[in-house]
file work-v6.csv (CSV, C-alpha atoms)
chain,number,residue,atom,x,y,z
S,10,MET,CA,111.3,-49.8,-78.7
S,11,GLN,CA,115.0,-50.2,-79.5
S,12,LYS,CA,114.2,-53.6,-81.1
S,13,LEU,CA,111.9,-51.7,-83.5
S,14,ARG,CA,114.5,-49.2,-84.4
S,15,ASP,CA,116.9,-52.0,-85.1
S,16,GLU,CA,114.6,-53.1,-87.9
S,17,SER,CA,115.5,-50.1,-90.1
S,18,ARG,CA,115.4,-52.1,-93.3
S,19,MET,CA,111.9,-53.3,-92.5
S,20,PHE,CA,110.7,-49.8,-91.8
S,21,ALA,CA,112.3,-48.4,-94.9
S,22,GLU,CA,110.4,-51.0,-97.0
S,23,MET,CA,107.2,-50.2,-95.1
S,24,LEU,CA,107.7,-46.5,-95.7
S,25,ASP,CA,108.3,-47.1,-99.4
S,26,THR,CA,105.1,-49.2,-99.5
S,27,CYS,CA,103.1,-46.5,-97.8
S,28,ASN,CA,104.4,-43.8,-100.1
S,29,ASP,CA,103.7,-45.9,-103.2
S,30,LYS,CA,100.2,-46.6,-102.1
S,31,LEU,CA,99.6,-42.9,-101.3
S,32,LYS,CA,100.8,-41.9,-104.8
S,33,HIS,CA,97.8,-43.8,-106.1
S,34,THR,CA,95.3,-43.2,-103.3
S,35,PRO,CA,96.5,-40.0,-101.5
S,36,GLU,CA,93.4,-40.0,-99.2
S,37,ASP,CA,94.1,-43.5,-97.7
S,38,THR,CA,94.0,-42.7,-94.0
S,39,ARG,CA,95.3,-46.1,-93.0
S,40,SER,CA,98.5,-45.7,-95.0
S,41,ILE,CA,98.9,-42.1,-93.7
S,42,ARG,CA,98.4,-43.3,-90.1
S,43,LEU,CA,100.9,-46.2,-90.5
S,44,ARG,CA,103.4,-43.8,-92.1
S,45,SER,CA,103.0,-41.5,-89.1
S,46,VAL,CA,103.8,-44.4,-86.8
S,47,ILE,CA,106.9,-45.2,-88.8
S,48,TYR,CA,108.0,-41.6,-88.8
S,49,THR,CA,107.5,-41.5,-85.0
S,50,VAL,CA,109.7,-44.6,-84.5
S,51,ASP,CA,112.3,-43.1,-86.7
S,52,LYS,CA,112.2,-39.8,-84.8
S,53,MET,CA,111.1,-37.9,-87.9
S,54,TYR,CA,108.7,-35.8,-85.9
S,55,ASP,CA,107.9,-33.1,-88.4
S,56,GLU,CA,106.9,-35.7,-91.0
S,57,ALA,CA,104.9,-37.6,-88.3
S,58,ILE,CA,103.1,-34.4,-87.2
S,59,ALA,CA,102.2,-33.5,-90.9
S,60,ASP,CA,100.6,-37.0,-91.3
S,61,LEU,CA,98.9,-36.9,-87.9
S,62,ASN,CA,97.4,-33.5,-88.9
S,63,VAL,CA,95.8,-35.2,-91.9
S,64,VAL,CA,94.6,-38.1,-89.8
S,65,LEU,CA,93.1,-35.7,-87.2
S,66,LYS,CA,91.4,-33.6,-89.9
S,67,LYS,CA,89.6,-36.7,-91.2
S,68,SER,CA,89.1,-38.3,-87.7
S,69,PRO,CA,89.0,-35.5,-85.1
S,70,GLU,CA,88.2,-38.0,-82.3
S,71,ASP,CA,91.3,-40.2,-83.0
S,72,LEU,CA,92.7,-40.7,-79.5
S,73,SER,CA,95.9,-42.4,-80.7
S,74,ALA,CA,96.7,-39.7,-83.2
S,75,TYR,CA,96.5,-37.0,-80.5
S,76,TYR,CA,98.8,-39.0,-78.2
S,77,LEU,CA,101.3,-39.6,-81.0
S,78,ARG,CA,101.2,-36.0,-82.0
S,79,ALA,CA,101.6,-34.9,-78.4
S,80,ASP,CA,104.7,-37.2,-78.1
S,81,CYS,CA,106.2,-35.7,-81.3
S,82,TYR,CA,105.7,-32.1,-80.0
S,83,PHE,CA,107.2,-33.1,-76.7
S,84,ASN,CA,110.3,-34.6,-78.4
S,85,LYS,CA,110.6,-31.3,-80.4
S,86,GLU,CA,110.4,-29.5,-77.0
S,87,GLU,CA,107.2,-27.8,-78.1
S,88,TYR,CA,105.8,-28.5,-74.6
S,89,ASP,CA,102.7,-26.3,-74.8
S,90,LEU,CA,101.5,-28.0,-78.0
S,91,ALA,CA,102.3,-31.3,-76.4
S,92,LYS,CA,100.1,-30.5,-73.4
S,93,GLN,CA,97.3,-29.2,-75.6
S,94,ASP,CA,97.2,-32.5,-77.6
S,95,TYR,CA,97.5,-34.5,-74.3
S,96,LEU,CA,94.5,-32.7,-72.9
S,97,ARG,CA,92.6,-33.3,-76.2
S,98,ALA,CA,93.4,-37.0,-75.9
S,99,LEU,CA,92.3,-37.1,-72.3
S,100,LYS,CA,89.0,-35.4,-73.2
S,101,ILE,CA,88.3,-38.1,-75.8
S,102,GLN,CA,89.5,-40.9,-73.7
S,103,PHE,CA,87.3,-40.1,-70.7
S,104,GLN,CA,84.3,-38.6,-72.4
S,105,ASP,CA,82.1,-41.5,-71.4
S,106,ASP,CA,83.5,-41.8,-67.8
S,107,LYS,CA,81.0,-40.3,-65.4
S,108,GLU,CA,83.6,-39.7,-62.7
S,109,GLU,CA,85.7,-37.6,-65.1
S,110,THR,CA,82.8,-35.6,-66.6
S,111,GLU,CA,83.4,-32.6,-64.4
S,112,PHE,CA,87.1,-32.5,-65.2
S,113,ILE,CA,86.5,-32.9,-68.9
S,114,GLU,CA,83.7,-30.4,-69.3
S,115,GLY,CA,86.0,-27.8,-67.9
S,116,TYR,CA,88.4,-28.2,-70.8
S,117,THR,CA,86.8,-26.5,-73.8
S,118,GLU,CA,88.8,-26.2,-77.0
S,119,GLU,CA,89.5,-22.6,-76.2
S,120,ILE,CA,91.0,-23.5,-72.8
S,121,ILE,CA,93.0,-26.3,-74.3
S,122,SER,CA,94.4,-24.2,-77.0
S,123,LYS,CA,95.8,-21.8,-74.4
S,124,ALA,CA,97.2,-24.5,-72.1
S,125,THR,CA,100.9,-24.2,-71.2
S,126,MET,CA,103.4,-26.6,-69.6
S,127,ASP,CA,103.8,-25.0,-66.1
S,128,ASN,CA,106.7,-26.8,-64.5
S,129,GLU,CA,109.2,-29.6,-64.6
S,130,LYS,CA,107.1,-31.9,-62.4
S,131,GLU,CA,104.2,-31.6,-64.9
S,132,LYS,CA,106.6,-32.1,-67.8
S,133,SER,CA,107.9,-35.3,-66.2
S,134,ARG,CA,104.5,-36.7,-65.5
S,135,ILE,CA,103.2,-36.0,-69.0
S,136,ARG,CA,106.4,-37.4,-70.6
S,137,LYS,CA,105.8,-40.7,-68.8
S,138,ILE,CA,102.2,-40.9,-70.0
S,139,LEU,CA,103.1,-40.0,-73.5
S,140,GLU,CA,105.9,-42.6,-73.7
S,141,HIS,CA,103.4,-45.2,-72.5
S,142,GLU,CA,100.7,-44.2,-74.9
S,143,LYS,CA,103.2,-44.0,-77.8
S,144,ASN,CA,104.5,-47.5,-77.1
S,145,ARG,CA,100.9,-48.8,-76.9
S,146,VAL,CA,100.1,-47.3,-80.3
S,147,ILE,CA,103.3,-48.6,-81.9
S,148,LEU,CA,102.9,-52.1,-80.5
S,149,SER,CA,99.4,-52.2,-81.8
S,150,TYR,CA,100.9,-52.0,-85.2
S,151,PHE,CA,103.9,-54.3,-84.5
S,152,PRO,CA,102.8,-56.8,-81.8
S,153,ASP,CA,105.7,-59.1,-82.4
S,154,PHE,CA,108.1,-56.5,-80.9
S,155,LYS,CA,106.8,-56.7,-77.3
call {"tool": "encode", "arguments": {"input": "work-v6.csv", "output": "structure tokens"}}
result
Amino acid sequence: MQKLRDESRMFAEMLDTCNDKLKHTPEDTRSIRLRSVIYTVDKMYDEAIADLNVVLKKSPEDLSAYYLRADCYFNKEEYDLAKQDYLRALKIQFQDDKEETEFIEGYTEEIISKATMDNEKEKSRIRKILEHEKNRVILSYFPDFK
């Protein structure tokens, strides 16, 4: 990911392009999603979260948006919110997996919204998964940086 961060000029230009497009078509989810990825790479977590909120309002089953927002919350040390989005992502990711059905059905939105990060071991495990998922999402937009 450092290679991506080294491309600051490219990201600045892409961010300008997204912002220009959104001035004319403020509902363009693709541009909002791309801008959230750029913000995430640039560690502009508040801005990324704001954009991801818009994406999730329009596409509440967007797995990648939940993982990215969870990563942003985690980096802001808002661990409970990170865990809640992580669980939402898992629920979407495994909704068609018969082996995971029992696990997933136990996590209603009410339970998820009250979930807390319980200990350092859990924090470490979730951090690794979120880092992997963030990299997967980012590299899907920028495959030349593998």
call {"tool": "residues_around", "arguments": {"input": "work-v6.csv", "residues": "Leu43 in chain S", "least_positions_apart": "5", "cutoff": "10 Å", "atoms": "only C-alpha atoms", "output": "CSV table (one decimal) with C-alpha atoms, in the coordinates of the input"}}
result
chain,number,residue,atom,x,y,z
S,23,MET,CA,107.2,-50.2,-95.1
S,24,LEU,CA,107.7,-46.5,-95.7
S,27,CYS,CA,103.1,-46.5,-97.8
S,38,THR,CA,94.0,-42.7,-94.0
S,48,TYR,CA,108.0,-41.6,-88.8
S,49,THR,CA,107.5,-41.5,-85.0
S,57,ALA,CA,104.9,-37.6,-88.3
S,60,ASP,CA,100.6,-37.0,-91.3
S,61,LEU,CA,98.9,-36.9,-87.9
S,147,ILE,CA,103.3,-48.6,-81.9
S,150,TYR,CA,100.9,-52.0,-85.2
call {"tool": "residues_around", "arguments": {"input": "work-v6.csv", "residues": "range 116-132 of chain S", "least_positions_apart": "5", "cutoff": "10 Å", "atoms": "only C-alpha atoms", "output": "PyMOL selection string"}}
result
chain S and resi 83+87-97+99-100+111+137
call {"tool": "closest_residue", "arguments": {"input": "work-v6.csv", "among": "S:Met53, S:Ile47, S:Asp80, S:Ile41", "to": "Lys67 in chain S", "atoms": "all atoms listed in the file"}}
result
S:Ile41
call {"tool": "atom_distance", "arguments": {"input": "work-v6.csv", "atom1": "CA of Lys52 in chain S", "atom2": "CA of Cys81 in chain S"}}
result
8.1 Å
call {"tool": "atom_distance", "arguments": {"input": "work-v6.csv", "atom1": "CA of Val46 in chain S", "atom2": "CA of Asp105 in chain S"}}
result
26.8 Å
call {"tool": "atom_distance", "arguments": {"input": "work-v6.csv", "atom1": "CA of Arg42 in chain S", "atom2": "CA of Arg134 in chain S"}}
result
26.2 Å
